[in-house]
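Student: Encoded as structure tokens, here's the structure I'll be asking about.
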Amino acid sequence: MLKKLVAVLLVFLAVCPASFGWGHEGHQIIGTVAEDHLDETTKVMIQSLLGNSHLYSIASWADDVRRERPDTKAWHYVDIPMGGKYDASRDCALPDSCVVLKINDFLKVLTDKNAKRDQRAEALKFIVHFVGDIHQPLHAVGEAKGGNGVRVRFLGDDRCGRYECNLHGVWDTSIILHTALNRQEYGQHLEELIRSQKLDSEDGGTPEQWANESQRLARAAWVQDGANLDENYYQKEIKLVDRQMALAGLRLAKLLNDSIGKMTPRDFASARQPNVPAQISPAPPAQAVGEASSLIGMGNRRF
Ligand code: ADE
Ligand code: ZN
Ligand code: ZN
């Protein structure tokens, strides 16, 4: 019976497309790269919020809650008209908002020492996911719902798992799956890319700049309805997919290092106990990991 259940689950996982943002694989790979580039203090802060510092393990959470929280759906992308530049009032208007604004919003919550711990933990999970999404080029264009409405064949097949292939899904998932690398192998592959192409030098920027960059890349990736995406397309675009995932990981790490990684342990400790005022004893310097970790009750563990 159990075997049957496991078999059904495995088949389901194999055919179910991850149609929101990079698929689970893409988000987990980005989380893996980011984790490799976190400062020790940042890791301690993350550990205190999530219970562990493995960003990959929570990287797809925002997709998992989309159904029960429909108000969050529009937060995963920004519909910039093809060939245009991000315009907040046009592309990111309330009440729906968009991924650019949500990254900035959640960064404020994450670093707000008066916010409750649960809210800050949730803000962290959204940030980890959305920094990934904004680097998926098709998450930054409005045409045909970011290519969800563009039917394609991928490497001669018109089915991608259980569904008919579309351009967006090919970018979210199919291209990545076609590499047949597992998460750790992919992480190593991207670390080599980061070294060989000196991608650390591009780890800065703002969500708005990242969205504009993605929009520009989406123009080059775009194909007409009914296109056959062949081996040449794959060979060309896998390079871009890899570069975007590597940059997403690096930029996510820098965002966290530059925000919670720079908070004093005392400020951060208020996130640990939601309704209890922060400790008033003098706080040690922010960057001292050992001190930060003892204040947060972690000991001097390294990750
Ligand atoms: N729905 C509407 N536009 C979208 C986009 N750019 N990406 C993902 N889903 C969308
Ligand atoms: Zn998403
Ligand atoms: Zn997507």
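Identifiers in the structure tokens: chain A, B, ... in order shown; residue index from 1 per chain; ligand index from 1 in order shown.
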Mind listing the strand (DSSP E) residues of range 75-220 of chain A, per DSSP on the backbone, as number ranges by chain?
Tutor: A: 152-154, 159-160, 163-164
Student: Go through chain A and flag each residue having an atom no more than 9 Å from ligand 3; for those, report the closest pair of atoms plus their distance in Å to one decimal, using only C-alpha atoms and all ligand atoms, ordered by chain and rising number, as CSV.
Tutor:
```
residue,atom,partner,partner_atom_place_in_ligand_line,distance
A:Ala18,CA,ligand 3,1 (Zn),7.9
A:Ser19,CA,ligand 3,1 (Zn),5.6
A:Phe20,CA,ligand 3,1 (Zn),4.2
A:Gly21,CA,ligand 3,1 (Zn),2.8
A:Trp22,CA,ligand 3,1 (Zn),5.1
A:Gly23,CA,ligand 3,1 (Zn),7.1
A:His76,CA,ligand 3,1 (Zn),7.9
A:Tyr77,CA,ligand 3,1 (Zn),8.0
A:Asp133,CA,ligand 3,1 (Zn),7.0
A:Gln136,CA,ligand 3,1 (Zn),7.2
A:Leu138,CA,ligand 3,1 (Zn),7.2
A:His139,CA,ligand 3,1 (Zn),6.1
A:Gly146,CA,ligand 3,1 (Zn),8.0
A:Asn148,CA,ligand 3,1 (Zn),8.3
A:His168,CA,ligand 3,1 (Zn),6.1
A:Gly169,CA,ligand 3,1 (Zn),6.5
A:Trp171,CA,ligand 3,1 (Zn),7.6
A:Asp172,CA,ligand 3,1 (Zn),5.2
A:Thr173,CA,ligand 3,1 (Zn),8.4
```
Student: Can I get the selected residues back with N, CA and C atoms, as an mmCIF file, in the first residue's frame?
Tutor:
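Final file, out.cif:
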```cif
data_model
loop_
_atom_site.group_PDB
_atom_site.id
_atom_site.type_symbol
_atom_site.label_atom_id
_atom_site.label_comp_id
_atom_site.auth_asym_id
_atom_site.auth_seq_id
_atom_site.Cartn_x
_atom_site.Cartn_y
_atom_site.Cartn_z
ATOM 1 N N ALA A 18 6.021 22.898 -12.511
ATOM 2 C CA ALA A 18 6.063 23.982 -11.545
ATOM 3 C C ALA A 18 5.824 25.248 -12.351
ATOM 4 N N SER A 19 4.577 25.686 -12.398
ATOM 5 C CA SER A 19 4.241 26.733 -13.349
ATOM 6 C C SER A 19 4.342 28.139 -12.770
ATOM 7 N N PHE A 20 4.800 28.249 -11.527
ATOM 8 C CA PHE A 20 4.906 29.575 -10.940
ATOM 9 C C PHE A 20 6.366 29.956 -10.733
ATOM 10 N N GLY A 21 6.853 30.887 -11.517
ATOM 11 C CA GLY A 21 8.257 31.302 -11.293
ATOM 12 C C GLY A 21 9.185 30.195 -11.736
ATOM 13 N N TRP A 22 10.499 30.381 -11.552
ATOM 14 C CA TRP A 22 11.354 29.229 -11.802
ATOM 15 C C TRP A 22 10.664 28.054 -11.112
ATOM 16 N N GLY A 23 10.822 26.845 -11.623
ATOM 17 C CA GLY A 23 10.233 25.702 -10.932
ATOM 18 C C GLY A 23 10.930 25.492 -9.588
ATOM 19 N N HIS A 76 4.642 37.780 -7.931
ATOM 20 C CA HIS A 76 5.729 36.956 -8.477
ATOM 21 C C HIS A 76 6.318 37.500 -9.787
ATOM 22 N N TYR A 77 5.725 38.528 -10.340
ATOM 23 C CA TYR A 77 6.208 39.011 -11.651
ATOM 24 C C TYR A 77 5.952 40.507 -11.785
ATOM 25 N N ASP A 133 12.545 34.905 -8.759
ATOM 26 C CA ASP A 133 11.566 35.165 -9.824
ATOM 27 C C ASP A 133 11.958 36.344 -10.713
ATOM 28 N N GLN A 136 14.051 35.592 -13.643
ATOM 29 C CA GLN A 136 13.542 34.765 -14.746
ATOM 30 C C GLN A 136 13.040 35.765 -15.784
ATOM 31 N N LEU A 138 11.181 35.982 -18.283
ATOM 32 C CA LEU A 138 9.768 36.070 -18.652
ATOM 33 C C LEU A 138 8.882 36.524 -17.496
ATOM 34 N N HIS A 139 9.446 36.652 -16.315
ATOM 35 C CA HIS A 139 8.687 37.216 -15.191
ATOM 36 C C HIS A 139 8.704 38.737 -15.223
ATOM 37 N N GLY A 146 3.583 36.787 -19.837
ATOM 38 C CA GLY A 146 4.973 36.358 -19.692
ATOM 39 C C GLY A 146 5.293 35.089 -20.471
ATOM 40 N N ASN A 148 3.243 32.607 -20.975
ATOM 41 C CA ASN A 148 2.386 31.465 -20.614
ATOM 42 C C ASN A 148 1.404 31.154 -21.751
ATOM 43 N N HIS A 168 6.820 30.097 -21.305
ATOM 44 C CA HIS A 168 7.128 30.439 -19.914
ATOM 45 C C HIS A 168 7.578 29.195 -19.119
ATOM 46 N N GLY A 169 6.816 28.122 -19.278
ATOM 47 C CA GLY A 169 7.133 26.895 -18.540
ATOM 48 C C GLY A 169 8.471 26.297 -18.959
ATOM 49 N N TRP A 171 11.037 27.992 -19.781
ATOM 50 C CA TRP A 171 12.060 28.776 -19.069
ATOM 51 C C TRP A 171 12.062 28.508 -17.571
ATOM 52 N N ASP A 172 10.852 28.337 -16.992
ATOM 53 C CA ASP A 172 10.780 28.049 -15.553
ATOM 54 C C ASP A 172 11.442 26.713 -15.229
ATOM 55 N N THR A 173 11.191 25.717 -16.075
ATOM 56 C CA THR A 173 11.466 24.345 -15.655
ATOM 57 C C THR A 173 12.186 23.474 -16.683
#
```
Student: Here is a test: counting only C-alpha atoms, which residue of A:Gln28, A:Arg117, A:Asp91, A:Gln235 is nearest to Leu155 in chain A?
Tutor: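 Comparing A:Gln28, A:Arg117, A:Asp91, A:Gln235 against Leu155 in chain A, the winner is A:Gln235.
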Student: Can you tell me which residues surround range 218-228 of chain A at a distance of at most 9 Å, considering only C-alpha atoms, apart from same-chain residues fewer than 4 positions away, and format the answer as a list in words?
Tutor: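 So the residues in contact are Met82, Gly83, Gln136, Pro137, Leu138, His139, Ala140, Val141, Gly146, Gly147, Gly149, Val150, Arg151, Val152, Arg153, Phe154, Leu155, Gly156, Asp157, Asp158, Asn166, Leu167, Glu213, Ser214, Tyr233 and Glu237 of chain A.
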Student: So the first atom is CA of Val170 in chain A and the second is CA of Tyr234 in chain A; what is the distance between them in Å, to one decimal place?
Tutor: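 Value for the CA of Val170 in chain A-CA of Tyr234 in chain A distance: 9.8 Å.
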Student: Using DSSP assignments from the backbone, pull out every residue in range 95-148 of chain A that falls under alpha helix (DSSP H) and give it to me as a PyMOL selection string.
Tutor: chain A and resi 99-110+117-133+144-147
Student: So that I have them on file, write out the residues from the current selection with C-alpha atoms, as a PDB file, in the first residue's frame.
Tutor:
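Contents of out_0.pdb, as written:
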```pdb
ATOM      1  CA  VAL A  99       7.656  41.682  -7.657  1.00  0.00           C
ATOM      2  CA  VAL A 100       9.759  44.875  -7.685  1.00  0.00           C
ATOM      3  CA  LEU A 101       7.744  46.547  -4.949  1.00  0.00           C
ATOM      4  CA  LYS A 102       7.325  43.378  -2.908  1.00  0.00           C
ATOM      5  CA  ILE A 103      11.067  42.764  -2.634  1.00  0.00           C
ATOM      6  CA  ASN A 104      11.471  46.302  -1.277  1.00  0.00           C
ATOM      7  CA  ASP A 105       8.418  45.975   1.005  1.00  0.00           C
ATOM      8  CA  PHE A 106       9.534  42.689   2.499  1.00  0.00           C
ATOM      9  CA  LEU A 107      13.065  43.957   3.009  1.00  0.00           C
ATOM     10  CA  LYS A 108      11.576  46.651   5.246  1.00  0.00           C
ATOM     11  CA  VAL A 109       9.635  44.066   7.263  1.00  0.00           C
ATOM     12  CA  LEU A 110      12.667  41.787   7.547  1.00  0.00           C
ATOM     13  CA  ARG A 117       9.207  37.280  14.387  1.00  0.00           C
ATOM     14  CA  ASP A 118       6.622  35.392  12.281  1.00  0.00           C
ATOM     15  CA  GLN A 119       6.222  38.357   9.970  1.00  0.00           C
ATOM     16  CA  ARG A 120       9.973  38.676   9.575  1.00  0.00           C
ATOM     17  CA  ALA A 121      10.375  34.961   8.878  1.00  0.00           C
ATOM     18  CA  GLU A 122       7.669  35.188   6.228  1.00  0.00           C
ATOM     19  CA  ALA A 123       9.283  38.302   4.737  1.00  0.00           C
ATOM     20  CA  LEU A 124      12.556  36.373   4.439  1.00  0.00           C
ATOM     21  CA  LYS A 125      10.828  33.489   2.648  1.00  0.00           C
ATOM     22  CA  PHE A 126       9.166  35.865   0.188  1.00  0.00           C
ATOM     23  CA  ILE A 127      12.444  37.692  -0.494  1.00  0.00           C
ATOM     24  CA  VAL A 128      14.347  34.467  -1.169  1.00  0.00           C
ATOM     25  CA  HIS A 129      11.695  33.460  -3.691  1.00  0.00           C
ATOM     26  CA  PHE A 130      11.087  36.816  -5.359  1.00  0.00           C
ATOM     27  CA  VAL A 131      14.758  37.628  -5.962  1.00  0.00           C
ATOM     28  CA  GLY A 132      14.736  34.354  -7.901  1.00  0.00           C
ATOM     29  CA  ASP A 133      11.566  35.165  -9.824  1.00  0.00           C
ATOM     30  CA  ALA A 144       0.969  36.762 -23.366  1.00  0.00           C
ATOM     31  CA  LYS A 145       1.215  36.609 -19.561  1.00  0.00           C
ATOM     32  CA  GLY A 146       4.973  36.358 -19.692  1.00  0.00           C
ATOM     33  CA  GLY A 147       4.860  33.717 -22.442  1.00  0.00           C
TER      34      GLY A 147
END
```
Student: What lies within 9 Å of Ala248 in chain A using only C-alpha atoms, ignoring chain neighbours under 6 positions off, as a ChimeraX atom specification?
Tutor: /A:30-31,33-34,131-135,203
Student: Quick one, how far is CA of Arg195 in chain A from CA of Leu255 in chain A?
Tutor: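 Between CA of Arg195 in chain A and CA of Leu255 in chain A the gap works out to 19.8 Å.
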